[in-house]
Amino acid sequence: MNRRSALKNIGIGGILLSPFTAFSKSPAATAPVLRIAHLTDVHLKNDFDAPAKYAKCLHHVQQQSPKVELILNGGDIVFDMNKEQINAIDAQWKLTHRLWKEECSIPVQYCLGNHDIWWDEDNKGQTIYGKKYAMDQLQLSKPYYSFMKSGWKFIVLDSVHLDIDQTWYIGKLGEEQFHWLENELRQTKANTPVLIMSHIPILTATLMIEDDVVNKWEMLGGDMHTDTAKIIRLFHQYPNVKLCLSGHIHLRDKVTYNEVTYLCNGAVSGAWWKGNKRETAPGYGLIDLYADGRFEERYVNY
């Protein structure tokens with residue numbers, strides 16, 4: 001379902017909230033150089049009829065015309081690893097690999113979500129504690145990385161880290177990764193458009209969608225990056241940063257700030273395979289990228 005016409009743009013200060021609109025083509029626009037699909041928050045396990053629904057989603061992606069050439073998986077790949085037993089974790093990942101092998105032929109690049117990390121305080125001594133298990137499953141040497149495709153630079157961030165109490169997570173980059181990101185942008189040619197993917201949103205308006213707010217909204221450090229201002233200042237130095245993709249919230253929104261567009265692309269699983277999450281139905285982002293840094297995008301319900 002095309003929902004771009006559902007709402008008008010809402011301007012608030014320097015922020016443009018435009019949940020479903022896309023960039024319009026100019027008369028002289030050339031064809032896109034790449035079509036990608038952004039699938040996030042799959043939360044796959046052998047329950048809720050999730051395998052069949054996920055297969056339906058993958059088939060829907062592959063039936064798009066023009067064809068999707070790359071899938072970006074935004075994290076929460078499996079249902080949940082937090083404090084789970086190893087046999088349950090193994091089963092979720094085996095199911096993930098089997099479905100992908102049997103149901104999809106499109107190349108995929110992954111980032112880690114908070115549910116893809118094994119933070120069990122009783123098992124800190126084990127080699128798979130933390131992010132290592134998921135990184136091994138995805139054959140990642142580091143949880144953040146970059147690559148080039150069709151003239152665009154893609155930067156995949158690791159946005160999930162332990163909070164100061166070491167028992168729960170917080171959204172941030174940390175000093176080492178932030179310096180790496182600085183260096184990546186510095187070394188990228190100014191005419192090379194950049195797309196950034198994180199699991200936790202760098203910037204989102206979805207946290208203001210809350211029932212029964214009496215006096216103020218509560219925004220937790222696990223719901224949006226806590227280093228948002230620092231990252232935005234960095235992006236402001238590099239106008240070739242065009243688009244930031246995220247998930248995590250299971251809601252769909254589009255925030256444009258300082259000429260950078262931040263898309264929170266709902267969830268493949270919707271409300272964890274139990275229908276819609278508020279007004280956002282299960283779906284994925286479909287994005288056409290152009291050589292000059294423009295893009296067109298929409299959220300697709302499958």
# chains A, B, ... in the order shown; residues from 1 in each chain; ligands from 1
>>> select_by_dssp(residues="region 89-154 of chain A", states="strand (DSSP E)", output="ChimeraX atom specification")
/A:108-110,145-149,152-154
>>> select_by_dssp(residues="region 79-117 of chain A", states="alpha helix (DSSP H)", output="ChimeraX atom specification")
/A:86-103
>>> atom_distance(atom1="CA of Asp288 (chain A)", atom2="CA of Val61 (chain A)")
13.4 Å
>>> atom_distance(atom1="CA of Lys149 (chain A)", atom2="CA of Leu72 (chain A)")
12.4 Å
>>> residues_around(residues="Pro201 (chain A)", least_positions_apart="6", cutoff="10 Å", atoms="only C-alpha atoms", output="JSON, numbers by chain")
{"A": [159, 171, 172, 222, 223, 224, 225, 226, 228, 244, 245, 246, 247, 248, 249, 262, 263, 264, 265]}
>>> residues_around(residues="Pro239 (chain A)", least_positions_apart="6", cutoff="12 Å", atoms="only C-alpha atoms", output="MDAnalysis selection string")
chainID A and resid 185:186 188:195 232:233 257:261 293
>>> closest_residue(among="A:Gly130, A:Gln177, A:Glu103, A:Lys56", to="Tyr302 (chain A)", atoms="only C-alpha atoms")
A:Lys56
>>> residues_around(residues="Pro143 (chain A)", least_positions_apart="6", cutoff="12 Å", atoms="only C-alpha atoms", output="PyMOL selection string")
chain A and resi 75+109-113+116-117+130-137+155-161+173+177+198-199
>>> closest_atom_pairs(of="region 15-122 of chain A", to="region 271-282 of chain A", cutoff="12 Å", atoms="only C-alpha atoms", output="JSON lines")
{"residue": "A:Pro19", "atom": "CA", "partner": "A:Thr280", "partner_atom": "CA", "distance": 11.0}
{"residue": "A:Phe20", "atom": "CA", "partner": "A:Thr280", "partner_atom": "CA", "distance": 11.5}
{"residue": "A:Leu39", "atom": "CA", "partner": "A:Pro282", "partner_atom": "CA", "distance": 10.2}
{"residue": "A:Thr40", "atom": "CA", "partner": "A:Pro282", "partner_atom": "CA", "distance": 10.2}
{"residue": "A:Asp41", "atom": "CA", "partner": "A:Trp272", "partner_atom": "CA", "distance": 8.4}
{"residue": "A:Val42", "atom": "CA", "partner": "A:Trp272", "partner_atom": "CA", "distance": 8.0}
{"residue": "A:His43", "atom": "CA", "partner": "A:Trp272", "partner_atom": "CA", "distance": 6.7}
{"residue": "A:Leu44", "atom": "CA", "partner": "A:Trp272", "partner_atom": "CA", "distance": 8.9}
{"residue": "A:Lys45", "atom": "CA", "partner": "A:Trp273", "partner_atom": "CA", "distance": 10.0}
{"residue": "A:Asn46", "atom": "CA", "partner": "A:Trp273", "partner_atom": "CA", "distance": 11.2}
{"residue": "A:Asp47", "atom": "CA", "partner": "A:Trp273", "partner_atom": "CA", "distance": 8.8}
{"residue": "A:Phe48", "atom": "CA", "partner": "A:Trp273", "partner_atom": "CA", "distance": 6.1}
{"residue": "A:Asp49", "atom": "CA", "partner": "A:Trp273", "partner_atom": "CA", "distance": 7.8}
{"residue": "A:Ala50", "atom": "CA", "partner": "A:Trp273", "partner_atom": "CA", "distance": 6.4}
{"residue": "A:Pro51", "atom": "CA", "partner": "A:Trp273", "partner_atom": "CA", "distance": 10.1}
{"residue": "A:Ala52", "atom": "CA", "partner": "A:Trp273", "partner_atom": "CA", "distance": 10.9}
{"residue": "A:Lys53", "atom": "CA", "partner": "A:Trp273", "partner_atom": "CA", "distance": 8.4}
{"residue": "A:Tyr54", "atom": "CA", "partner": "A:Trp273", "partner_atom": "CA", "distance": 9.6}
{"residue": "A:Lys56", "atom": "CA", "partner": "A:Pro282", "partner_atom": "CA", "distance": 11.5}
{"residue": "A:Cys57", "atom": "CA", "partner": "A:Pro282", "partner_atom": "CA", "distance": 9.2}
{"residue": "A:Asp76", "atom": "CA", "partner": "A:Trp272", "partner_atom": "CA", "distance": 10.8}
{"residue": "A:Ile77", "atom": "CA", "partner": "A:Trp272", "partner_atom": "CA", "distance": 11.9}
{"residue": "A:Val78", "atom": "CA", "partner": "A:Trp272", "partner_atom": "CA", "distance": 11.0}
{"residue": "A:Phe79", "atom": "CA", "partner": "A:Trp272", "partner_atom": "CA", "distance": 8.3}
{"residue": "A:Asp80", "atom": "CA", "partner": "A:Trp272", "partner_atom": "CA", "distance": 10.7}
>>> atom_distance(atom1="CA of Leu286 (chain A)", atom2="CA of Ser105 (chain A)")
16.9 Å
>>> decode(residues="region 67-102 of chain A", atoms="N, CA, C and O atoms", output="PDB file, in the first residue's frame")
ATOM      1  N   LYS A  67      13.586  -4.341 -10.148  1.00  0.00           N
ATOM      2  CA  LYS A  67      14.017  -5.305  -9.153  1.00  0.00           C
ATOM      3  C   LYS A  67      14.840  -4.647  -8.045  1.00  0.00           C
ATOM      4  O   LYS A  67      15.586  -3.689  -8.288  1.00  0.00           O
ATOM      5  N   VAL A  68      14.713  -5.170  -6.851  1.00  0.00           N
ATOM      6  CA  VAL A  68      15.562  -4.791  -5.725  1.00  0.00           C
ATOM      7  C   VAL A  68      16.911  -5.496  -5.892  1.00  0.00           C
ATOM      8  O   VAL A  68      16.964  -6.708  -6.115  1.00  0.00           O
ATOM      9  N   GLU A  69      17.989  -4.727  -5.794  1.00  0.00           N
ATOM     10  CA  GLU A  69      19.328  -5.282  -5.999  1.00  0.00           C
ATOM     11  C   GLU A  69      20.081  -5.516  -4.693  1.00  0.00           C
ATOM     12  O   GLU A  69      21.098  -6.215  -4.680  1.00  0.00           O
ATOM     13  N   LEU A  70      19.609  -4.925  -3.608  1.00  0.00           N
ATOM     14  CA  LEU A  70      20.299  -5.058  -2.326  1.00  0.00           C
ATOM     15  C   LEU A  70      19.279  -4.922  -1.205  1.00  0.00           C
ATOM     16  O   LEU A  70      18.393  -4.058  -1.259  1.00  0.00           O
ATOM     17  N   ILE A  71      19.400  -5.785  -0.202  1.00  0.00           N
ATOM     18  CA  ILE A  71      18.598  -5.666   1.010  1.00  0.00           C
ATOM     19  C   ILE A  71      19.494  -5.214   2.144  1.00  0.00           C
ATOM     20  O   ILE A  71      20.600  -5.735   2.340  1.00  0.00           O
ATOM     21  N   LEU A  72      19.043  -4.226   2.871  1.00  0.00           N
ATOM     22  CA  LEU A  72      19.700  -3.784   4.109  1.00  0.00           C
ATOM     23  C   LEU A  72      18.842  -4.275   5.272  1.00  0.00           C
ATOM     24  O   LEU A  72      17.680  -3.883   5.393  1.00  0.00           O
ATOM     25  N   ASN A  73      19.392  -5.139   6.093  1.00  0.00           N
ATOM     26  CA  ASN A  73      18.682  -5.635   7.272  1.00  0.00           C
ATOM     27  C   ASN A  73      19.104  -4.786   8.463  1.00  0.00           C
ATOM     28  O   ASN A  73      20.281  -4.776   8.846  1.00  0.00           O
ATOM     29  N   GLY A  74      18.137  -4.105   9.072  1.00  0.00           N
ATOM     30  CA  GLY A  74      18.440  -3.115  10.091  1.00  0.00           C
ATOM     31  C   GLY A  74      18.534  -3.630  11.508  1.00  0.00           C
ATOM     32  O   GLY A  74      18.568  -2.839  12.441  1.00  0.00           O
ATOM     33  N   GLY A  75      18.599  -4.948  11.704  1.00  0.00           N
ATOM     34  CA  GLY A  75      18.808  -5.467  13.048  1.00  0.00           C
ATOM     35  C   GLY A  75      17.551  -6.032  13.684  1.00  0.00           C
ATOM     36  O   GLY A  75      16.447  -5.914  13.169  1.00  0.00           O
ATOM     37  N   ASP A  76      17.736  -6.626  14.869  1.00  0.00           N
ATOM     38  CA  ASP A  76      16.726  -7.495  15.483  1.00  0.00           C
ATOM     39  C   ASP A  76      16.340  -8.568  14.474  1.00  0.00           C
ATOM     40  O   ASP A  76      15.174  -8.770  14.121  1.00  0.00           O
ATOM     41  N   ILE A  77      17.372  -9.245  14.045  1.00  0.00           N
ATOM     42  CA  ILE A  77      17.272 -10.268  13.014  1.00  0.00           C
ATOM     43  C   ILE A  77      16.510 -11.474  13.545  1.00  0.00           C
ATOM     44  O   ILE A  77      15.630 -12.016  12.871  1.00  0.00           O
ATOM     45  N   VAL A  78      16.869 -11.896  14.760  1.00  0.00           N
ATOM     46  CA  VAL A  78      16.174 -12.999  15.420  1.00  0.00           C
ATOM     47  C   VAL A  78      15.236 -12.438  16.491  1.00  0.00           C
ATOM     48  O   VAL A  78      15.307 -11.255  16.832  1.00  0.00           O
ATOM     49  N   PHE A  79      14.372 -13.294  17.002  1.00  0.00           N
ATOM     50  CA  PHE A  79      13.341 -12.797  17.921  1.00  0.00           C
ATOM     51  C   PHE A  79      13.950 -12.157  19.164  1.00  0.00           C
ATOM     52  O   PHE A  79      13.603 -11.044  19.535  1.00  0.00           O
ATOM     53  N   ASP A  80      14.874 -12.874  19.820  1.00  0.00           N
ATOM     54  CA  ASP A  80      15.480 -12.303  21.022  1.00  0.00           C
ATOM     55  C   ASP A  80      16.622 -13.199  21.506  1.00  0.00           C
ATOM     56  O   ASP A  80      16.440 -14.404  21.649  1.00  0.00           O
ATOM     57  N   MET A  81      17.789 -12.580  21.749  1.00  0.00           N
ATOM     58  CA  MET A  81      18.902 -13.303  22.355  1.00  0.00           C
ATOM     59  C   MET A  81      19.145 -12.880  23.799  1.00  0.00           C
ATOM     60  O   MET A  81      19.892 -13.536  24.519  1.00  0.00           O
ATOM     61  N   ASN A  82      18.543 -11.783  24.217  1.00  0.00           N
ATOM     62  CA  ASN A  82      18.813 -11.246  25.558  1.00  0.00           C
ATOM     63  C   ASN A  82      18.478 -12.269  26.633  1.00  0.00           C
ATOM     64  O   ASN A  82      17.318 -12.643  26.805  1.00  0.00           O
ATOM     65  N   LYS A  83      19.502 -12.716  27.321  1.00  0.00           N
ATOM     66  CA  LYS A  83      19.338 -13.586  28.495  1.00  0.00           C
ATOM     67  C   LYS A  83      18.655 -14.910  28.167  1.00  0.00           C
ATOM     68  O   LYS A  83      18.121 -15.588  29.045  1.00  0.00           O
ATOM     69  N   GLU A  84      18.639 -15.292  26.866  1.00  0.00           N
ATOM     70  CA  GLU A  84      18.029 -16.561  26.449  1.00  0.00           C
ATOM     71  C   GLU A  84      18.997 -17.722  26.656  1.00  0.00           C
ATOM     72  O   GLU A  84      20.215 -17.533  26.740  1.00  0.00           O
ATOM     73  N   GLN A  85      18.460 -18.937  26.689  1.00  0.00           N
ATOM     74  CA  GLN A  85      19.281 -20.137  26.732  1.00  0.00           C
ATOM     75  C   GLN A  85      19.868 -20.410  25.343  1.00  0.00           C
ATOM     76  O   GLN A  85      19.266 -20.085  24.317  1.00  0.00           O
ATOM     77  N   ILE A  86      21.049 -21.029  25.336  1.00  0.00           N
ATOM     78  CA  ILE A  86      21.778 -21.190  24.082  1.00  0.00           C
ATOM     79  C   ILE A  86      21.008 -22.043  23.078  1.00  0.00           C
ATOM     80  O   ILE A  86      21.081 -21.792  21.867  1.00  0.00           O
ATOM     81  N   ASN A  87      20.232 -23.025  23.523  1.00  0.00           N
ATOM     82  CA  ASN A  87      19.490 -23.859  22.569  1.00  0.00           C
ATOM     83  C   ASN A  87      18.414 -23.049  21.844  1.00  0.00           C
ATOM     84  O   ASN A  87      18.153 -23.256  20.654  1.00  0.00           O
ATOM     85  N   ALA A  88      17.790 -22.113  22.543  1.00  0.00           N
ATOM     86  CA  ALA A  88      16.785 -21.253  21.912  1.00  0.00           C
ATOM     87  C   ALA A  88      17.442 -20.305  20.908  1.00  0.00           C
ATOM     88  O   ALA A  88      16.896 -20.048  19.824  1.00  0.00           O
ATOM     89  N   ILE A  89      18.619 -19.803  21.265  1.00  0.00           N
ATOM     90  CA  ILE A  89      19.355 -18.909  20.369  1.00  0.00           C
ATOM     91  C   ILE A  89      19.773 -19.652  19.108  1.00  0.00           C
ATOM     92  O   ILE A  89      19.604 -19.161  17.984  1.00  0.00           O
ATOM     93  N   ASP A  90      20.314 -20.844  19.281  1.00  0.00           N
ATOM     94  CA  ASP A  90      20.727 -21.656  18.130  1.00  0.00           C
ATOM     95  C   ASP A  90      19.558 -21.894  17.180  1.00  0.00           C
ATOM     96  O   ASP A  90      19.709 -21.790  15.955  1.00  0.00           O
ATOM     97  N   ALA A  91      18.396 -22.204  17.733  1.00  0.00           N
ATOM     98  CA  ALA A  91      17.230 -22.506  16.901  1.00  0.00           C
ATOM     99  C   ALA A  91      16.790 -21.285  16.088  1.00  0.00           C
ATOM    100  O   ALA A  91      16.421 -21.412  14.906  1.00  0.00           O
ATOM    101  N   GLN A  92      16.831 -20.103  16.697  1.00  0.00           N
ATOM    102  CA  GLN A  92      16.434 -18.890  15.989  1.00  0.00           C
ATOM    103  C   GLN A  92      17.368 -18.597  14.818  1.00  0.00           C
ATOM    104  O   GLN A  92      16.919 -18.218  13.725  1.00  0.00           O
ATOM    105  N   TRP A  93      18.660 -18.780  15.024  1.00  0.00           N
ATOM    106  CA  TRP A  93      19.619 -18.488  13.958  1.00  0.00           C
ATOM    107  C   TRP A  93      19.571 -19.545  12.863  1.00  0.00           C
ATOM    108  O   TRP A  93      19.701 -19.220  11.667  1.00  0.00           O
ATOM    109  N   LYS A  94      19.395 -20.800  13.217  1.00  0.00           N
ATOM    110  CA  LYS A  94      19.263 -21.846  12.192  1.00  0.00           C
ATOM    111  C   LYS A  94      18.048 -21.578  11.312  1.00  0.00           C
ATOM    112  O   LYS A  94      18.093 -21.746  10.083  1.00  0.00           O
ATOM    113  N   LEU A  95      16.950 -21.163  11.921  1.00  0.00           N
ATOM    114  CA  LEU A  95      15.753 -20.827  11.160  1.00  0.00           C
ATOM    115  C   LEU A  95      16.016 -19.641  10.234  1.00  0.00           C
ATOM    116  O   LEU A  95      15.594 -19.638   9.070  1.00  0.00           O
ATOM    117  N   THR A  96      16.711 -18.638  10.737  1.00  0.00           N
ATOM    118  CA  THR A  96      17.041 -17.455   9.932  1.00  0.00           C
ATOM    119  C   THR A  96      17.848 -17.842   8.705  1.00  0.00           C
ATOM    120  O   THR A  96      17.530 -17.431   7.571  1.00  0.00           O
ATOM    121  N   HIS A  97      18.894 -18.624   8.884  1.00  0.00           N
ATOM    122  CA  HIS A  97      19.740 -19.025   7.762  1.00  0.00           C
ATOM    123  C   HIS A  97      18.977 -19.893   6.765  1.00  0.00           C
ATOM    124  O   HIS A  97      19.137 -19.740   5.549  1.00  0.00           O
ATOM    125  N   ARG A  98      18.141 -20.800   7.286  1.00  0.00           N
ATOM    126  CA  ARG A  98      17.400 -21.689   6.388  1.00  0.00           C
ATOM    127  C   ARG A  98      16.415 -20.914   5.522  1.00  0.00           C
ATOM    128  O   ARG A  98      16.337 -21.122   4.298  1.00  0.00           O
ATOM    129  N   LEU A  99      15.673 -20.007   6.150  1.00  0.00           N
ATOM    130  CA  LEU A  99      14.691 -19.238   5.390  1.00  0.00           C
ATOM    131  C   LEU A  99      15.360 -18.380   4.333  1.00  0.00           C
ATOM    132  O   LEU A  99      14.870 -18.257   3.210  1.00  0.00           O
ATOM    133  N   TRP A 100      16.466 -17.764   4.708  1.00  0.00           N
ATOM    134  CA  TRP A 100      17.137 -16.891   3.743  1.00  0.00           C
ATOM    135  C   TRP A 100      17.641 -17.704   2.561  1.00  0.00           C
ATOM    136  O   TRP A 100      17.500 -17.297   1.398  1.00  0.00           O
ATOM    137  N   LYS A 101      18.216 -18.866   2.824  1.00  0.00           N
ATOM    138  CA  LYS A 101      18.738 -19.714   1.756  1.00  0.00           C
ATOM    139  C   LYS A 101      17.625 -20.202   0.847  1.00  0.00           C
ATOM    140  O   LYS A 101      17.786 -20.244  -0.386  1.00  0.00           O
ATOM    141  N   GLU A 102      16.484 -20.546   1.426  1.00  0.00           N
ATOM    142  CA  GLU A 102      15.401 -21.133   0.643  1.00  0.00           C
ATOM    143  C   GLU A 102      14.499 -20.100  -0.028  1.00  0.00           C
ATOM    144  O   GLU A 102      13.897 -20.395  -1.064  1.00  0.00           O
TER     145      GLU A 102
END
